[in-house]
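Working notes, structure below.
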Amino acid sequence: MATQTIGIIVNGATGRIGSTQHLANALVPIRDEGGLPVGDDRVVPRLMLAGRDAERLGALARKLNAEWTTDLDQALADPAFSVLFDAAATHLRQATLEKAVAAGKHIYSEKPVALSVERGLDLLRAMQARGLKHGAVEDKLSLPGLQKLKRLAASGALGRVVGFRIEFGWWVFDGTEVSCQRPSWNYQRKDGGGLILDMYPHWRYMIEGILGPMRRVVTALSTATPERIDERGARYAVDVEDTASSLVELESGAMGTILSSWATRVRRDDLLTFQIDGTKGSAIAGLHRCWTTSNAQTPKTAHFNITTDAGIDYRSHWSEFTESVSATNPYRVGWENFLRHLKAGTPMQADFAAGIRDVQFAQACYRSMKDATWINLAPPS
Ligand SMILES: NC(=O)c1ccc[n+]([C@@H]2O[C@H](COP(=O)([O-])OP(=O)(O)OC[C@H]3O[C@@H](n4cnc5c(N)ncnc54)[C@H](O)[C@@H]3O)[C@@H](O)[C@H]2O)c1
């Protein structure tokens, strides 16, 4: 078996998602296992960590046995590195990807891949004109819970899908009593913050990947926590939404709701739940587990009992769906798909165009709020 080394620049390497999921849980294990088998060969990542802070980069690079640089332009000029992966803060993405495309690098990008559909399409056209390969991180469908939900929905066991509900969120402290557990850039418009830009790209591929195309959306958003304290202890005004509610109509005619909030306390099965209701049954997934129920298990509820608590445990009518699914880290799944795409041309479902569709959904929700109307989700041409 021959080995082929692929040089990958990981920009934003010391960030939360870059250092943990993409490096420690995906690229480094692939490299240390001797590379990813693709056909008769093995593809071995060679890692160049890029970022701003030399001290943190050096320490991370030593730990992961990787190279590092604070000079992204120099790394982009190096022909030994043919791929640029971007996991830096969102507002920096466009400029980084533009430079990388100009340098002829294949692109793999965290979400959102662009700040608008138009700018994303510009990048896609530039990549296509240069024959560059591209991919977008769309990790959530590889979570065990969502793999199970997708399998149940595809099996027909739920019948005709009539509705769905996504609920997401937890309490994010503002920094006064307890320090804030998310980076402050997530709450500043100039830095690419905002719950919709952050989370709705995921909701797009989860919904369309399991239930098919969306037709239109209407969204309301609000800011529950108008002031926060940042990493340096400075008070700042939040100028983006931290709460959003959407109503989505699918091409099939089914309707769904999405409730997302950084200002809610969890009393549901998981931090993220996705329920699908169908004519034969329902299913609900969390990140790891999935439960289902059928018409035969559904209680024949006739009315409220307003005088006494009926004492019914509605969850007891559901059973856990325990079929085994892939346990591979979802970010590693994305990297394996992208490396196969690079090496063997295997189709990349989560390509940059898919990433732009994710951005389109987020952008439509902002427009819906601004114009107080439904927004059509026909794919951009
Ligand atoms: N796929 C997912 O589920 C998922 C989860 C979290 C984050 N993300 C995405 O990953 C990206 C990073 O998010 P994170 O939570 O890791 O953030 P983070 O703040 O932990 O990391 C951001 C990185 O960008 C760098 N950075 C920030 N400002 C910079 C500047 N002005 N110049 C140069 N570098 C700068 C930081 O040094 C750091 O390396 C975002 O685009 C986010 O949307 C995706």
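Ordering of the structure tokens sets the chain letters (A, B, ...), residue numbers begin anew at 1 in every chain, and ligands are numbered from 1 in the order given.
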Just want the 12 Å neighbourhood of Lys99 in chain A, counted on only C-alpha atoms, with same-chain residues fewer than 2 positions away dropped. Output as a PDB file with C-alpha atoms, in the first residue's frame.
```pdb
ATOM      1  CA  LEU A  72      -0.763  32.470   6.909  1.00  0.00           C
ATOM      2  CA  ASP A  73       0.388  34.082   3.650  1.00  0.00           C
ATOM      3  CA  GLN A  74       3.684  32.218   3.819  1.00  0.00           C
ATOM      4  CA  ALA A  75       1.887  28.922   4.456  1.00  0.00           C
ATOM      5  CA  LEU A  76      -0.442  29.596   1.509  1.00  0.00           C
ATOM      6  CA  ALA A  77       2.598  30.181  -0.715  1.00  0.00           C
ATOM      7  CA  LEU A  84      -6.684  25.199   3.534  1.00  0.00           C
ATOM      8  CA  ASP A  86     -10.638  27.354   8.154  1.00  0.00           C
ATOM      9  CA  LEU A  92     -12.500  36.355   9.174  1.00  0.00           C
ATOM     10  CA  ARG A  93     -13.615  33.505   6.921  1.00  0.00           C
ATOM     11  CA  GLN A  94     -14.345  35.326   3.678  1.00  0.00           C
ATOM     12  CA  ALA A  95     -10.959  37.038   3.474  1.00  0.00           C
ATOM     13  CA  THR A  96      -9.102  33.849   4.420  1.00  0.00           C
ATOM     14  CA  LEU A  97     -10.930  31.719   1.854  1.00  0.00           C
ATOM     15  CA  VAL A 101      -8.513  30.191  -3.416  1.00  0.00           C
ATOM     16  CA  ALA A 102      -6.233  32.751  -5.071  1.00  0.00           C
ATOM     17  CA  ALA A 103      -3.294  30.623  -3.880  1.00  0.00           C
ATOM     18  CA  GLY A 104      -4.874  27.562  -5.559  1.00  0.00           C
ATOM     19  CA  LYS A 105      -5.656  25.638  -2.356  1.00  0.00           C
ATOM     20  CA  HIS A 106      -8.474  23.119  -2.042  1.00  0.00           C
ATOM     21  CA  ILE A 107     -10.915  24.391   0.588  1.00  0.00           C
ATOM     22  CA  LEU A 123     -16.096  31.977  -3.773  1.00  0.00           C
ATOM     23  CA  ALA A 126     -13.689  31.098  -8.157  1.00  0.00           C
ATOM     24  CA  MET A 127     -13.023  27.560  -6.895  1.00  0.00           C
TER      25      MET A 127
END
```
Please write out the residues within 9 Å of ligand 1 as a VMD selection string, counting only C-alpha atoms and all ligand atoms. chain A and resid 11 to 21 50 to 53 57 86 to 93 109 to 113 137 to 140 182 to 186 191 to 193 197 to 199 202 331
Dump C-alpha atoms for the selected residues as a PDB file, in the first residue's frame?
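Contents of part-v3.pdb, as written:
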```
ATOM      1  CA  ASN A  11      -6.309  28.064  10.257  1.00  0.00           C
ATOM      2  CA  GLY A  12      -7.734  28.960  13.678  1.00  0.00           C
ATOM      3  CA  ALA A  13      -5.983  25.866  15.026  1.00  0.00           C
ATOM      4  CA  THR A  14      -5.997  26.926  18.678  1.00  0.00           C
ATOM      5  CA  GLY A  15      -9.724  27.732  18.681  1.00  0.00           C
ATOM      6  CA  ARG A  16     -12.149  25.522  20.554  1.00  0.00           C
ATOM      7  CA  ILE A  17     -13.463  23.557  17.601  1.00  0.00           C
ATOM      8  CA  GLY A  18     -10.212  23.550  15.614  1.00  0.00           C
ATOM      9  CA  SER A  19      -8.024  22.216  18.417  1.00  0.00           C
ATOM     10  CA  THR A  20     -10.440  19.639  19.803  1.00  0.00           C
ATOM     11  CA  GLN A  21     -12.717  18.144  17.175  1.00  0.00           C
ATOM     12  CA  ALA A  50      -1.933  28.600  11.624  1.00  0.00           C
ATOM     13  CA  GLY A  51      -3.156  31.403  13.889  1.00  0.00           C
ATOM     14  CA  ARG A  52      -2.185  34.590  15.730  1.00  0.00           C
ATOM     15  CA  ASP A  53      -0.713  33.536  19.060  1.00  0.00           C
ATOM     16  CA  LEU A  57       0.296  27.646  18.560  1.00  0.00           C
ATOM     17  CA  ASP A  86     -10.638  27.354   8.154  1.00  0.00           C
ATOM     18  CA  ALA A  87     -11.911  27.120  11.728  1.00  0.00           C
ATOM     19  CA  ALA A  88     -11.089  30.679  12.829  1.00  0.00           C
ATOM     20  CA  ALA A  89     -13.712  33.138  14.014  1.00  0.00           C
ATOM     21  CA  THR A  90     -16.560  33.559  11.526  1.00  0.00           C
ATOM     22  CA  HIS A  91     -16.013  37.184  10.424  1.00  0.00           C
ATOM     23  CA  LEU A  92     -12.500  36.355   9.174  1.00  0.00           C
ATOM     24  CA  ARG A  93     -13.615  33.505   6.921  1.00  0.00           C
ATOM     25  CA  SER A 109     -14.478  25.201   5.791  1.00  0.00           C
ATOM     26  CA  GLU A 110     -16.274  25.391   9.083  1.00  0.00           C
ATOM     27  CA  LYS A 111     -19.763  26.817   8.970  1.00  0.00           C
ATOM     28  CA  PRO A 112     -20.990  29.357   8.057  1.00  0.00           C
ATOM     29  CA  VAL A 113     -18.899  29.125   4.871  1.00  0.00           C
ATOM     30  CA  VAL A 137     -18.371  21.010   7.787  1.00  0.00           C
ATOM     31  CA  GLU A 138     -21.839  19.508   8.267  1.00  0.00           C
ATOM     32  CA  ASP A 139     -21.235  17.279  11.255  1.00  0.00           C
ATOM     33  CA  LYS A 140     -24.545  16.886  13.079  1.00  0.00           C
ATOM     34  CA  ARG A 182     -18.898  31.018  25.087  1.00  0.00           C
ATOM     35  CA  PRO A 183     -16.449  33.369  23.286  1.00  0.00           C
ATOM     36  CA  SER A 184     -17.623  37.001  23.302  1.00  0.00           C
ATOM     37  CA  TRP A 185     -17.363  37.259  19.484  1.00  0.00           C
ATOM     38  CA  ASN A 186     -20.487  35.086  19.326  1.00  0.00           C
ATOM     39  CA  ASP A 191     -17.373  39.514  14.612  1.00  0.00           C
ATOM     40  CA  GLY A 192     -19.933  37.335  12.812  1.00  0.00           C
ATOM     41  CA  GLY A 193     -21.927  36.558  15.961  1.00  0.00           C
ATOM     42  CA  LEU A 197     -25.714  32.596  11.753  1.00  0.00           C
ATOM     43  CA  ASP A 198     -24.193  30.174  14.241  1.00  0.00           C
ATOM     44  CA  MET A 199     -26.804  27.423  14.516  1.00  0.00           C
ATOM     45  CA  HIS A 202     -26.882  23.052  11.101  1.00  0.00           C
ATOM     46  CA  TYR A 331     -15.907  15.703  12.503  1.00  0.00           C
TER      47      TYR A 331
END
```
Please build the interface table for range 123-221 of chain A against range 237-241 of chain A with a cut-off of 8 Å, listing for each qualifying residue the nearest atom pair and the distance in Å to one decimal; count only C-alpha atoms, order rows by chain and increasing number, and write it as a Markdown table.
```
| residue | atom | partner | partner_atom | distance |
| --- | --- | --- | --- | --- |
| A:Tyr187 | CA | A:Val238 | CA | 5.4 |
| A:Gln188 | CA | A:Asp239 | CA | 5.7 |
| A:Arg189 | CA | A:Val240 | CA | 5.9 |
| A:Gly193 | CA | A:Val240 | CA | 6.7 |
| A:Gly194 | CA | A:Val240 | CA | 4.9 |
| A:Leu195 | CA | A:Glu241 | CA | 6.0 |
| A:Ile196 | CA | A:Glu241 | CA | 7.5 |
| A:Leu221 | CA | A:Glu241 | CA | 6.1 |
```
Include N, CA and C atoms and write out the residues we just selected as a JSON list (two decimals), in the first residue's frame.
```
[["chain", "number", "residue", "atom", "x", "y", "z"],
["A", 187, "TYR", "N", -21.39, 37.14, 20.33],
["A", 187, "TYR", "CA", -22.46, 38.07, 20.68],
["A", 187, "TYR", "C", -22.25, 39.46, 20.09],
["A", 188, "GLN", "N", -21.38, 39.54, 19.06],
["A", 188, "GLN", "CA", -21.09, 40.82, 18.42],
["A", 188, "GLN", "C", -21.26, 40.68, 16.90],
["A", 189, "ARG", "N", -22.05, 41.58, 16.34],
["A", 189, "ARG", "CA", -22.32, 41.49, 14.90],
["A", 189, "ARG", "C", -21.05, 41.65, 14.08],
["A", 193, "GLY", "N", -21.14, 37.23, 14.93],
["A", 193, "GLY", "CA", -21.93, 36.56, 15.96],
["A", 193, "GLY", "C", -23.40, 36.46, 15.60],
["A", 194, "GLY", "N", -24.18, 35.93, 16.54],
["A", 194, "GLY", "CA", -25.62, 35.77, 16.34],
["A", 194, "GLY", "C", -26.00, 34.31, 16.30],
["A", 195, "LEU", "N", -27.07, 33.97, 17.02],
["A", 195, "LEU", "CA", -27.48, 32.57, 17.11],
["A", 195, "LEU", "C", -27.87, 31.99, 15.75],
["A", 196, "ILE", "N", -28.52, 32.81, 14.92],
["A", 196, "ILE", "CA", -29.00, 32.28, 13.64],
["A", 196, "ILE", "C", -27.82, 31.94, 12.72],
["A", 221, "LEU", "N", -36.89, 36.80, 16.07],
["A", 221, "LEU", "CA", -35.70, 36.68, 16.90],
["A", 221, "LEU", "C", -35.67, 37.79, 17.93]]
```
With distances taken over only C-alpha atoms, which residue among A:Leu64, A:Leu49, A:Ala136, A:Ala234 lies nearest Arg31 in chain A? A:Leu64
Show which residues sit within 12 Å of range 324-330 of chain A, as a ChimeraX atom specification. Count only C-alpha atoms, and ignore same-chain residues fewer than 4 positions away. /A:20-27,29-30,137-152,287-290,320,334-337
Residues of the last selection are to be written out with C-alpha atoms, as a PDB file, in the first residue's frame.
```
ATOM      1  CA  THR A  20     -10.440  19.639  19.803  1.00  0.00           C
ATOM      2  CA  GLN A  21     -12.717  18.144  17.175  1.00  0.00           C
ATOM      3  CA  HIS A  22     -10.797  18.779  13.951  1.00  0.00           C
ATOM      4  CA  LEU A  23      -7.254  18.247  15.220  1.00  0.00           C
ATOM      5  CA  ALA A  24      -7.262  16.074  18.347  1.00  0.00           C
ATOM      6  CA  ASN A  25     -10.278  13.939  17.381  1.00  0.00           C
ATOM      7  CA  ALA A  26      -9.967  13.749  13.595  1.00  0.00           C
ATOM      8  CA  LEU A  27      -6.793  14.734  11.727  1.00  0.00           C
ATOM      9  CA  PRO A  29      -5.747  10.198  14.859  1.00  0.00           C
ATOM     10  CA  ILE A  30      -6.010   9.704  11.075  1.00  0.00           C
ATOM     11  CA  VAL A 137     -18.371  21.010   7.787  1.00  0.00           C
ATOM     12  CA  GLU A 138     -21.839  19.508   8.267  1.00  0.00           C
ATOM     13  CA  ASP A 139     -21.235  17.279  11.255  1.00  0.00           C
ATOM     14  CA  LYS A 140     -24.545  16.886  13.079  1.00  0.00           C
ATOM     15  CA  LEU A 141     -26.109  14.215  10.829  1.00  0.00           C
ATOM     16  CA  SER A 142     -23.292  11.887  11.903  1.00  0.00           C
ATOM     17  CA  LEU A 143     -24.298  12.133  15.566  1.00  0.00           C
ATOM     18  CA  PRO A 144     -25.606   8.742  16.748  1.00  0.00           C
ATOM     19  CA  GLY A 145     -29.040  10.145  17.697  1.00  0.00           C
ATOM     20  CA  LEU A 146     -29.563  11.771  14.310  1.00  0.00           C
ATOM     21  CA  GLN A 147     -28.265   8.727  12.417  1.00  0.00           C
ATOM     22  CA  LYS A 148     -30.979   6.719  14.202  1.00  0.00           C
ATOM     23  CA  LEU A 149     -33.659   9.344  13.502  1.00  0.00           C
ATOM     24  CA  LYS A 150     -32.708   9.414   9.833  1.00  0.00           C
ATOM     25  CA  ARG A 151     -32.837   5.636   9.625  1.00  0.00           C
ATOM     26  CA  LEU A 152     -36.291   5.540  11.254  1.00  0.00           C
ATOM     27  CA  LEU A 287     -27.414  13.897  20.341  1.00  0.00           C
ATOM     28  CA  HIS A 288     -26.839  10.230  21.126  1.00  0.00           C
ATOM     29  CA  ARG A 289     -30.141   8.509  21.777  1.00  0.00           C
ATOM     30  CA  CYS A 290     -33.423   8.193  19.907  1.00  0.00           C
ATOM     31  CA  GLU A 320     -35.625   3.524  22.737  1.00  0.00           C
ATOM     32  CA  GLY A 334     -16.329  14.882   7.506  1.00  0.00           C
ATOM     33  CA  TRP A 335     -12.534  14.746   7.157  1.00  0.00           C
ATOM     34  CA  GLU A 336     -12.586  11.178   5.872  1.00  0.00           C
ATOM     35  CA  ASN A 337     -15.184  12.156   3.261  1.00  0.00           C
TER      36      ASN A 337
END
```
Among range 20-143 of chain A, which residues does DSSP mark as helix (DSSP H, G or I) when it is run on the backbone? Keep the chain and numbering as in the structure and answer as a ChimeraX atom specification. /A:20-32,54-64,72-76,90-102,117-129,140-142
Could you tell me which of A:Ser261, A:Thr225, A:Thr346, A:Thr219 comes closest to Lys370 in chain A if we count only C-alpha atoms? A:Thr219
CA of Arg228 in chain A sits from CA of Gly175 in chain A at a separation of 6.0 Å
Against range 205-208 of chain A, which residues of range 269-356 of chain A fall within 12 Å? For each one I want the closest pair of atoms and the distance in Å (one decimal), counting only C-alpha atoms, rows by chain and increasing residue number, as a Markdown table.
```
| residue | atom | partner | partner_atom | distance |
| --- | --- | --- | --- | --- |
| A:Leu272 | CA | A:Met206 | CA | 11.7 |
| A:Thr273 | CA | A:Met206 | CA | 11.4 |
| A:Phe274 | CA | A:Ile207 | CA | 9.1 |
| A:Gln275 | CA | A:Ile207 | CA | 10.7 |
| A:Ile276 | CA | A:Ile207 | CA | 10.2 |
| A:Ala285 | CA | A:Met206 | CA | 11.7 |
| A:Gln349 | CA | A:Tyr205 | CA | 10.6 |
| A:Ala350 | CA | A:Tyr205 | CA | 8.9 |
| A:Asp351 | CA | A:Tyr205 | CA | 11.6 |
| A:Ala353 | CA | A:Tyr205 | CA | 11.7 |
| A:Ala354 | CA | A:Tyr205 | CA | 7.9 |
| A:Gly355 | CA | A:Tyr205 | CA | 8.8 |
| A:Ile356 | CA | A:Tyr205 | CA | 10.7 |
```
Find the residues near Val117 in chain A: any atom within 7 Å, counting only C-alpha atoms, skip ones fewer than 4 places away on the same chain, and give them as a ChimeraX atom specification. /A:121,356,359-360
Name all residues at most 9 Å from Met348 in chain A (count only C-alpha atoms; drop same-chain ones fewer than 3 positions away) and give them as a PyMOL selection string. chain A and resi 134-135+337-338+340-341+345+351
Generate a file of the selected residues that holds N, CA and C atoms, formatted as a compact mmCIF listing (two decimals), in the first residue's frame.
```txt
# COMPACT_ATOMS: atom_id res chain seq x y z
N HIS A 134 -13.72 21.24 -2.84
CA HIS A 134 -14.23 22.00 -1.70
C HIS A 134 -15.21 21.18 -0.87
N GLY A 135 -15.26 21.55 0.42
CA GLY A 135 -16.19 20.89 1.32
C GLY A 135 -16.56 21.82 2.46
N ASN A 337 -14.49 11.91 4.54
CA ASN A 337 -15.18 12.16 3.26
C ASN A 337 -14.38 13.11 2.39
N PHE A 338 -13.85 14.17 3.02
CA PHE A 338 -13.12 15.18 2.24
C PHE A 338 -11.81 14.60 1.69
N ARG A 340 -11.18 11.47 0.97
CA ARG A 340 -11.54 10.55 -0.13
C ARG A 340 -11.88 11.35 -1.38
N HIS A 341 -12.59 12.45 -1.18
CA HIS A 341 -12.96 13.32 -2.30
C HIS A 341 -11.69 13.88 -2.97
N GLY A 345 -11.77 11.47 -5.80
CA GLY A 345 -12.91 12.12 -6.47
C GLY A 345 -14.25 11.60 -5.99
N ASP A 351 -20.53 19.65 0.14
CA ASP A 351 -19.57 20.50 -0.58
C ASP A 351 -19.85 21.97 -0.27
```
Using the chain letters and numbers from this document, which residues of range 245-368 of chain A does DSSP assign to strand (DSSP E or B), as a PyMOL selection string? chain A and resi 245-250+255-261+263+272-278+281-285+290-294+319-320
Of the candidates A:Glu98, A:Val38, A:Ile9, A:Gly131, which shows the shortest atom-to-atom distance to Glu67 in chain A, using only C-alpha atoms?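 Of A:Glu98, A:Val38, A:Ile9, A:Gly131, the one nearest Glu67 in chain A is A:Ile9, counting only C-alpha atoms.
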Fewer than 4 positions away in the same chain doesn't count, so skip those; otherwise give me all residues within 9 Å of Ala364 in chain A, counting only C-alpha atoms, as a tab-separated table (two decimals) with N, CA and C atoms, in the first residue's frame.
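Output saved as out.tsv:
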```tsv
chain	number	residue	atom	x	y	z
A	216	ARG	N	-40.33	27.25	2.58
A	216	ARG	CA	-40.29	28.64	3.05
A	216	ARG	C	-40.17	28.67	4.57
A	217	VAL	N	-39.82	29.84	5.09
A	217	VAL	CA	-39.60	29.98	6.53
A	217	VAL	C	-40.07	31.35	6.99
A	218	VAL	N	-40.55	31.39	8.23
A	218	VAL	CA	-40.82	32.68	8.88
A	218	VAL	C	-40.18	32.62	10.26
A	219	THR	N	-39.52	33.71	10.65
A	219	THR	CA	-38.71	33.69	11.88
A	219	THR	C	-38.91	34.95	12.70
A	359	VAL	N	-26.09	28.70	4.59
A	359	VAL	CA	-26.05	30.16	4.80
A	359	VAL	C	-27.36	30.78	4.30
A	360	GLN	N	-27.87	30.25	3.18
A	360	GLN	CA	-29.13	30.78	2.62
A	360	GLN	C	-30.26	30.70	3.65
A	368	SER	N	-36.62	37.41	7.00
A	368	SER	CA	-38.00	37.21	7.45
A	368	SER	C	-38.31	38.13	8.63
A	369	MET	N	-37.37	38.22	9.56
A	369	MET	CA	-37.57	39.08	10.74
A	369	MET	C	-37.64	40.54	10.30
A	374	TRP	N	-42.96	35.63	5.36
A	374	TRP	CA	-42.39	34.34	4.95
A	374	TRP	C	-41.34	34.60	3.87
A	375	ILE	N	-40.28	33.77	3.89
A	375	ILE	CA	-39.25	33.87	2.85
A	375	ILE	C	-39.14	32.55	2.12
A	376	ASN	N	-39.17	32.64	0.81
A	376	ASN	CA	-39.06	31.47	-0.06
A	376	ASN	C	-37.65	30.91	-0.01
A	377	LEU	N	-37.53	29.58	-0.04
A	377	LEU	CA	-36.20	28.96	0.07
A	377	LEU	C	-35.78	28.23	-1.20
```
